[in-house]
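First up is the structure itself, then whatever we jot down about it.
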Amino acid sequence: MATQQYIWMDRKMVPEQKATIHILSHPVQYASGIFEGTRAFKAKKGTAIFRLQDHTHRFLNTARIARMNIPYSEGELNNATIAVVAKNRLGDCYIRPFGYYPVKGVGLTNPVKDPRVSVAIAAFPFAKYLEKKGGLTCKVSSYRKVSSSMLSPRAKLSANYMGSLFASFEAKEAGCDEAILLSESGHVAEGPAENIFIVNDGVLITPPGAANILMGITRDSIIKIAKDLGLLVEERNIHREELYTCDEAFFTGTAIEIEPIISVDERKLGGGKPGPVTQMLNETYMQVVRGEKEEYEDWLTYV
Ligand SMILES: Cc1ncc(COP(=O)(O)O)c(C=O)c1O
C-alpha cells in the first residue's frame, strides 16, 4: 500500500485526500491563487531544500503584489516547508506552496468582502520537467509575455500561467518541445515556466528584469556560479535573431533545472547538440544542489 502523504494546510498536516477546496471556490474559478515552486534534493549530508528562504521571500512578495494578506510569517512558512518534507519522508522532491482565498461561492468580488487567505504546502516526488535526451527544440511564441499593464510578470500568479499554457500548446502543435515568449517590446523574455540564457563567444547572456521575466532563483544561482567559474555574464535585451545565431542556449528553473535548447524556429544552435558551457554549468549546478560544493552551502537548508 502506498504510504499516506500529508499536505500542510493552515497549520495542520492534512492527509492529501482530505486537503481539498470547493469546485466553486475563487482560485478554481478565477485563477486567483498564488504559488511558489521549490525543490529539495538528497544532498551529501541529508535532504536539503535549495534556497528555501529566497523562495519563501518571493512567495510573500507575490502575495504583496496580489494584495493578499498571508497570515503567516516568513519564518513560520520556512518551518512549515521543512516540516512537510520531513513528515512525508521525502528526499528528492518538489515543493508547492499555494496561497488562495478559501471564501465560498462564485462572486468575483467575494475576496473584496472577505479577504482572508489560506496557505497549503505540498511536497512530492517530481522528475526533472521537460527533460529530453539531446536537448529541446523550441518555437518563438505568437503569445507575448504578460506585462505589468495587464498582470504582474514578477509574481507567481496562477493567472499568468494561462498565457504560458497557450504558448506551450502552440509549441507542441508546431512539433516543438517548448515555447519562447517575447516581451511586449519584442525582446526575448523567457519560456512558459523557465528563464533563458544564450551563450555567444563564451559570454553568457540573459534577459534583464525589464524584459518582463520572472526573476528566477535558478537564474540567479547560474549567474553567480558562472561568474565564480570565470565566465562573463551580461544581463541585457536579447533580439529574437540572436536566438538563431547563438552558440548555445538553455533554460533554467526549479522544475526544469538546466535544460539545453538545440534549435529555435528550426534553426539549429551550435552543433545541434548541448554545448560545453551549458554542460559545465549543469554539472556544477547539480553538484551545488547536492551539497558537493562547500562554498554554496549557505543555499541549502537541511530537513
Ligand atoms: C515564468 C517563469 N519564469 C522563470 C521561472 C524559473 O524560476 P525559478 O528558477 O525561481 O524556479 C519560473 C518558475 O518558477 C517561471 O514560472
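Please note that chains go A, B, ... in the order of the C-alpha cells, that every chain numbers its residues from 1, and that ligands are numbered from 1 in the order shown.
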Q.
Which residues are near ligand 1 in this structure, taking near to mean any atom at most 9 Å from a ligand atom and counting only C-alpha atoms and all ligand atoms? Format them as number ranges by chain.
A. A: 35-39, 54-55, 58, 145, 153-156, 160-161, 164, 189-196, 213-221, 251-257
Just to be explicit: take each residue in the selection above, keep C-alpha atoms, and write the result as a compact mmCIF listing (two decimals), in the first residue's frame.
# COMPACT_ATOMS: atom_id res chain seq x y z
CA PHE A 35 2.20 29.88 -5.72
CA GLU A 36 5.86 29.05 -5.43
CA GLY A 37 7.96 26.15 -6.72
CA THR A 38 10.87 24.89 -4.66
CA ARG A 39 12.95 21.71 -4.70
CA ASP A 54 14.58 33.02 -1.22
CA HIS A 55 11.56 31.02 -2.37
CA ARG A 58 9.38 35.54 -3.33
CA LYS A 145 4.85 37.53 -22.01
CA PRO A 153 5.35 39.28 -14.61
CA ARG A 154 7.39 39.47 -11.38
CA ALA A 155 4.82 37.49 -9.42
CA LYS A 156 3.87 33.84 -9.49
CA ASN A 160 -0.15 34.42 -15.52
CA TYR A 161 0.17 30.78 -16.42
CA SER A 164 2.17 30.16 -20.59
CA ALA A 189 11.66 37.21 -22.32
CA GLU A 190 11.58 33.59 -21.17
CA GLY A 191 9.97 30.18 -21.52
CA PRO A 192 6.45 29.46 -20.20
CA ALA A 193 7.91 28.49 -16.81
CA GLU A 194 11.67 28.93 -17.30
CA ASN A 195 14.27 31.63 -17.72
CA ILE A 196 16.53 31.56 -20.74
CA ILE A 213 10.75 37.98 -16.81
CA LEU A 214 10.16 36.24 -13.53
CA MET A 215 13.33 36.85 -11.52
CA GLY A 216 14.22 33.18 -11.31
CA ILE A 217 16.14 31.83 -8.36
CA THR A 218 17.85 29.26 -10.60
CA ARG A 219 18.72 32.14 -12.98
CA ASP A 220 20.31 34.00 -10.07
CA SER A 221 22.19 30.86 -8.98
CA PHE A 251 16.53 27.10 -19.91
CA THR A 252 16.79 27.39 -16.14
CA GLY A 253 14.13 26.85 -13.49
CA THR A 254 13.39 24.96 -10.33
CA ALA A 255 11.27 22.41 -12.21
CA ILE A 256 13.37 22.12 -15.38
CA GLU A 257 16.74 22.70 -13.62
Could you pull the residues within 10 Å of Lys172 in chain A, counting only C-alpha atoms, minus those fewer than 5 positions along the same chain, as a list of chain:residue names?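 Close residues of Lys172 in chain A: A:Thr137, A:Cys138, A:Lys139, A:Ala167, A:Asp177, A:Glu178, A:Ala179.
Within 6 Å of range 101-106 of chain A there are Leu24, Ser25 and Val117 of chain A, counting only C-alpha atoms and ignoring same-chain residues fewer than 3 positions away.
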message: I want to know what sits within 6 Å of range 267-275 of chain A, based on only C-alpha atoms, with residues of the same chain fewer than 2 positions away left out; could you give that as a PyMOL selection string?
response: chain A and resi 134+244+247-248+260+262-265+277-278
Same residues, N, CA and C atoms, saved as a PDB file, in the first residue's frame:
ATOM      1  N   GLY A 134      19.481  14.924 -25.347  1.00  0.00           N
ATOM      2  CA  GLY A 134      19.935  15.661 -26.529  1.00  0.00           C
ATOM      3  C   GLY A 134      19.436  17.091 -26.610  1.00  0.00           C
ATOM      4  N   TYR A 244      18.744  32.749 -33.025  1.00  0.00           N
ATOM      5  CA  TYR A 244      19.028  31.904 -34.193  1.00  0.00           C
ATOM      6  C   TYR A 244      20.530  31.752 -34.436  1.00  0.00           C
ATOM      7  N   ASP A 247      25.671  30.451 -30.019  1.00  0.00           N
ATOM      8  CA  ASP A 247      26.411  29.176 -29.998  1.00  0.00           C
ATOM      9  C   ASP A 247      25.657  28.123 -29.182  1.00  0.00           C
ATOM     10  N   GLU A 248      25.044  28.587 -28.075  1.00  0.00           N
ATOM     11  CA  GLU A 248      24.331  27.658 -27.189  1.00  0.00           C
ATOM     12  C   GLU A 248      23.163  28.410 -26.554  1.00  0.00           C
ATOM     13  N   PRO A 260      19.273  22.051 -21.992  1.00  0.00           N
ATOM     14  CA  PRO A 260      19.771  22.662 -23.233  1.00  0.00           C
ATOM     15  C   PRO A 260      18.674  22.858 -24.278  1.00  0.00           C
ATOM     16  N   ILE A 262      18.361  23.061 -28.372  1.00  0.00           N
ATOM     17  CA  ILE A 262      19.208  22.725 -29.530  1.00  0.00           C
ATOM     18  C   ILE A 262      18.716  23.332 -30.846  1.00  0.00           C
ATOM     19  N   SER A 263      17.476  23.849 -30.835  1.00  0.00           N
ATOM     20  CA  SER A 263      17.039  24.584 -32.032  1.00  0.00           C
ATOM     21  C   SER A 263      15.932  25.559 -31.668  1.00  0.00           C
ATOM     22  N   VAL A 264      15.878  26.653 -32.435  1.00  0.00           N
ATOM     23  CA  VAL A 264      14.802  27.642 -32.266  1.00  0.00           C
ATOM     24  C   VAL A 264      14.246  27.950 -33.656  1.00  0.00           C
ATOM     25  N   ASP A 265      12.938  27.810 -33.802  1.00  0.00           N
ATOM     26  CA  ASP A 265      12.274  28.038 -35.098  1.00  0.00           C
ATOM     27  C   ASP A 265      13.022  27.329 -36.230  1.00  0.00           C
ATOM     28  N   VAL A 277      29.475  24.966 -22.557  1.00  0.00           N
ATOM     29  CA  VAL A 277      29.218  25.885 -21.427  1.00  0.00           C
ATOM     30  C   VAL A 277      27.958  25.415 -20.686  1.00  0.00           C
ATOM     31  N   THR A 278      26.938  25.037 -21.452  1.00  0.00           N
ATOM     32  CA  THR A 278      25.695  24.526 -20.855  1.00  0.00           C
ATOM     33  C   THR A 278      26.011  23.300 -19.995  1.00  0.00           C
TER      34      THR A 278
END
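When only C-alpha atoms are used to compute distances to Thr109 in chain A, the closest of the residues A:Glu173, A:Ile121, A:Leu77, A:Ser32 turns out to be A:Ser32.
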With a distance cut-off of 6 Å and only C-alpha atoms, select the neighbouring residues of range 83-95 of chain A, excluding the residue or stretch itself and same-chain residues fewer than 5 positions from it, and output the selection as JSON, numbers by chain. {"A": [5, 37, 38, 39, 40, 41, 42, 47, 122, 123, 124, 125, 126]}
Output for the residues just chosen: C-alpha atoms as a short mmCIF file (atom, residue, chain, number, x, y, z; two decimals), in the first residue's frame:
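Just written: part_28.cif:
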data_model
loop_
_atom_site.label_atom_id
_atom_site.label_comp_id
_atom_site.auth_asym_id
_atom_site.auth_seq_id
_atom_site.Cartn_x
_atom_site.Cartn_y
_atom_site.Cartn_z
CA GLN A 5 1.09 11.67 2.14
CA GLY A 37 7.96 26.15 -6.72
CA THR A 38 10.87 24.89 -4.66
CA ARG A 39 12.95 21.71 -4.70
CA ALA A 40 14.66 19.58 -2.11
CA PHE A 41 17.49 17.23 -3.00
CA LYS A 42 19.13 14.21 -1.48
CA THR A 47 17.82 16.07 2.44
CA ALA A 122 2.53 20.18 -0.69
CA ALA A 123 5.71 18.17 -1.33
CA PHE A 124 6.00 15.22 -3.68
CA PRO A 125 8.48 13.41 -5.94
CA PHE A 126 8.69 15.19 -9.32
#
Judged by only C-alpha atoms, the minimum distance to Ile261 in chain A among A:Val303, A:Val289, A:Leu151, A:Leu136 is found for A:Leu136
Discussion item. When you look at Leu60 in chain A with a cut-off of 9 Å (counting only C-alpha atoms), what residues show up, excluding the ones that are within fewer than 6 positions of it in the same chain? I need them as a VMD selection string.
Written reply: chain A and resid 68 to 70 73 to 74
Residue subset to file, keeping N, CA and C atoms, as an mmCIF file, in the first residue's frame:
data_model
loop_
_atom_site.group_PDB
_atom_site.id
_atom_site.type_symbol
_atom_site.label_atom_id
_atom_site.label_comp_id
_atom_site.auth_asym_id
_atom_site.auth_seq_id
_atom_site.Cartn_x
_atom_site.Cartn_y
_atom_site.Cartn_z
ATOM 1 N N MET A 68 -2.636 40.117 -1.313
ATOM 2 C CA MET A 68 -3.130 39.028 -0.452
ATOM 3 C C MET A 68 -2.392 39.090 0.869
ATOM 4 N N ASN A 69 -3.155 39.043 1.928
ATOM 5 C CA ASN A 69 -2.563 39.163 3.246
ATOM 6 C C ASN A 69 -2.322 37.766 3.826
ATOM 7 N N ILE A 70 -1.090 37.281 3.684
ATOM 8 C CA ILE A 70 -0.763 35.925 4.167
ATOM 9 C C ILE A 70 -0.656 35.975 5.696
ATOM 10 N N SER A 73 4.154 34.279 9.149
ATOM 11 C CA SER A 73 5.424 34.978 8.964
ATOM 12 C C SER A 73 6.313 34.159 8.025
ATOM 13 N N GLU A 74 7.359 34.823 7.552
ATOM 14 C CA GLU A 74 8.323 34.150 6.678
ATOM 15 C C GLU A 74 8.929 32.940 7.405
#
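Shortest atom-to-atom contact with Pro115 in chain A among A:Gly291, A:Arg67, A:Ala127, A:Glu76: A:Arg67, counting only C-alpha atoms.
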ask   = Where does DSSP see strand (DSSP E) in range 53-216 of chain A, if you list the residues as a VMD selection string?
value = chain A and resid 93 to 100 118 to 124 136 to 144 178 to 182 188 to 190 195 to 200 203 to 206
Take the residues that were just selected and, keeping N, CA and C atoms, output them as a compact mmCIF listing (two decimals), in the first residue's frame.
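Result saved to again39.txt:
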# COMPACT_ATOMS: atom_id res chain seq x y z
N CYS A 93 12.57 16.01 -4.08
CA CYS A 93 11.13 16.31 -4.24
C CYS A 93 10.92 17.75 -4.67
N TYR A 94 9.70 18.00 -5.10
CA TYR A 94 9.25 19.33 -5.50
C TYR A 94 8.29 19.82 -4.42
N ILE A 95 8.34 21.10 -4.13
CA ILE A 95 7.51 21.66 -3.05
C ILE A 95 6.65 22.77 -3.64
N ARG A 96 5.36 22.71 -3.37
CA ARG A 96 4.44 23.67 -3.98
C ARG A 96 3.62 24.41 -2.92
N PRO A 97 4.09 25.57 -2.45
CA PRO A 97 3.26 26.42 -1.59
C PRO A 97 2.18 27.10 -2.44
N PHE A 98 0.98 27.20 -1.92
CA PHE A 98 -0.14 27.79 -2.66
C PHE A 98 -0.92 28.69 -1.71
N GLY A 99 -1.17 29.92 -2.13
CA GLY A 99 -1.97 30.85 -1.33
C GLY A 99 -3.28 31.12 -2.05
N TYR A 100 -4.38 31.14 -1.33
CA TYR A 100 -5.69 31.26 -2.00
C TYR A 100 -6.76 31.79 -1.07
N SER A 118 -5.77 31.55 2.78
CA SER A 118 -5.26 30.28 3.30
C SER A 118 -3.97 29.93 2.58
N VAL A 119 -3.16 29.09 3.22
CA VAL A 119 -1.92 28.61 2.58
C VAL A 119 -1.86 27.09 2.72
N ALA A 120 -1.52 26.44 1.62
CA ALA A 120 -1.25 25.00 1.65
C ALA A 120 0.16 24.78 1.11
N ILE A 121 0.87 23.82 1.67
CA ILE A 121 2.21 23.48 1.15
C ILE A 121 2.26 21.98 0.93
N ALA A 122 2.44 21.60 -0.34
CA ALA A 122 2.53 20.18 -0.69
C ALA A 122 3.96 19.86 -1.09
N ALA A 123 4.38 18.62 -0.89
CA ALA A 123 5.71 18.17 -1.33
C ALA A 123 5.56 16.76 -1.88
N PHE A 124 6.19 16.52 -3.02
CA PHE A 124 6.00 15.22 -3.68
C PHE A 124 7.17 14.97 -4.64
N LEU A 136 16.24 20.39 -26.14
CA LEU A 136 14.88 20.76 -26.56
C LEU A 136 14.85 21.54 -27.87
N THR A 137 13.80 21.29 -28.65
CA THR A 137 13.53 22.13 -29.82
C THR A 137 12.49 23.16 -29.39
N CYS A 138 12.67 24.41 -29.83
CA CYS A 138 11.80 25.48 -29.34
C CYS A 138 11.20 26.30 -30.48
N LYS A 139 10.10 26.96 -30.12
CA LYS A 139 9.42 27.84 -31.08
C LYS A 139 9.16 29.18 -30.40
N VAL A 140 9.47 30.26 -31.12
CA VAL A 140 9.12 31.58 -30.59
C VAL A 140 7.61 31.72 -30.70
N SER A 141 7.00 32.04 -29.58
CA SER A 141 5.53 32.02 -29.49
C SER A 141 4.90 33.26 -30.13
N SER A 142 3.67 33.09 -30.60
CA SER A 142 2.92 34.27 -31.06
C SER A 142 2.29 34.99 -29.86
N TYR A 143 2.33 34.35 -28.69
CA TYR A 143 1.83 34.99 -27.46
C TYR A 143 2.99 35.74 -26.80
N ARG A 144 2.73 36.94 -26.34
CA ARG A 144 3.76 37.72 -25.64
C ARG A 144 3.67 37.47 -24.14
N GLU A 178 9.13 23.12 -26.60
CA GLU A 178 8.84 24.22 -25.68
C GLU A 178 8.77 25.54 -26.43
N ALA A 179 8.07 26.50 -25.81
CA ALA A 179 7.92 27.85 -26.39
C ALA A 179 8.93 28.82 -25.80
N ILE A 180 9.20 29.86 -26.55
CA ILE A 180 9.96 31.00 -26.01
C ILE A 180 9.10 32.23 -26.24
N LEU A 181 8.83 32.97 -25.16
CA LEU A 181 7.96 34.14 -25.28
C LEU A 181 8.78 35.41 -25.38
N LEU A 182 8.34 36.32 -26.24
CA LEU A 182 8.96 37.64 -26.31
C LEU A 182 8.19 38.57 -25.37
N VAL A 188 13.49 39.00 -26.32
CA VAL A 188 13.31 37.68 -25.72
C VAL A 188 13.02 37.84 -24.23
N ALA A 189 11.97 37.16 -23.76
CA ALA A 189 11.66 37.21 -22.32
C ALA A 189 12.08 35.90 -21.67
N GLU A 190 11.29 34.86 -21.86
CA GLU A 190 11.58 33.59 -21.17
C GLU A 190 10.70 32.48 -21.73
N ASN A 195 13.45 30.55 -17.18
CA ASN A 195 14.27 31.63 -17.72
C ASN A 195 15.16 31.08 -18.82
N ILE A 196 15.71 32.00 -19.61
CA ILE A 196 16.53 31.56 -20.74
C ILE A 196 17.89 32.25 -20.73
N PHE A 197 18.89 31.52 -21.14
CA PHE A 197 20.24 32.05 -21.33
C PHE A 197 20.71 31.69 -22.73
N ILE A 198 21.52 32.56 -23.34
CA ILE A 198 22.24 32.17 -24.55
C ILE A 198 23.73 32.32 -24.29
N VAL A 199 24.53 31.64 -25.08
CA VAL A 199 25.99 31.75 -24.98
C VAL A 199 26.50 32.16 -26.34
N ASN A 200 27.30 33.22 -26.35
CA ASN A 200 27.90 33.68 -27.60
C ASN A 200 29.35 34.02 -27.37
N VAL A 203 30.47 34.19 -23.87
CA VAL A 203 29.80 35.11 -22.93
C VAL A 203 28.37 34.61 -22.69
N LEU A 204 27.98 34.63 -21.41
CA LEU A 204 26.64 34.17 -21.03
C LEU A 204 25.72 35.40 -21.01
N ILE A 205 24.60 35.30 -21.73
CA ILE A 205 23.70 36.46 -21.84
C ILE A 205 22.29 36.02 -21.45
N THR A 206 21.64 36.86 -20.64
CA THR A 206 20.27 36.54 -20.22
C THR A 206 19.46 37.83 -20.16
- Task: Taking the chain letters and numbering used in this document, name the residues of range 89-259 of chain A that DSSP puts in helix (DSSP H, G or I), as a PyMOL selection string.
- Result: chain A and resi 110-113+160-173+209-211+217-228+240-245
Query - Residue contacts of Leu281 in chain A (8 Å, only C-alpha atoms) excluding same-chain residues fewer than 2 positions away, as a VMD selection string - result: chain A and resid 222 225 to 226 277 to 279 283 to 285
With N, CA and C atoms retained, export the selected residues as a CSV table (one decimal), in the first residue's frame.
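Now in again_23.csv:
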chain,number,residue,atom,x,y,z
A,222,ILE,N,22.6,30.5,-11.3
A,222,ILE,CA,23.5,30.3,-12.5
A,222,ILE,C,24.4,31.5,-12.8
A,225,ILE,N,27.1,31.3,-10.1
A,225,ILE,CA,28.0,30.1,-10.4
A,225,ILE,C,28.9,30.4,-11.6
A,226,ALA,N,28.3,31.0,-12.7
A,226,ALA,CA,29.1,31.3,-13.9
A,226,ALA,C,30.2,32.3,-13.6
A,277,VAL,N,29.5,25.0,-22.6
A,277,VAL,CA,29.2,25.9,-21.4
A,277,VAL,C,28.0,25.4,-20.7
A,278,THR,N,26.9,25.0,-21.5
A,278,THR,CA,25.7,24.5,-20.9
A,278,THR,C,26.0,23.3,-20.0
A,279,GLN,N,26.8,22.4,-20.5
A,279,GLN,CA,27.1,21.2,-19.8
A,279,GLN,C,27.9,21.5,-18.5
A,283,GLU,N,26.5,20.6,-14.8
A,283,GLU,CA,27.2,19.7,-13.9
A,283,GLU,C,27.5,20.5,-12.5
A,284,THR,N,27.9,21.7,-12.6
A,284,THR,CA,28.2,22.5,-11.4
A,284,THR,C,27.0,22.7,-10.6
A,285,TYR,N,25.9,23.1,-11.3
A,285,TYR,CA,24.6,23.4,-10.6
A,285,TYR,C,24.2,22.1,-9.8
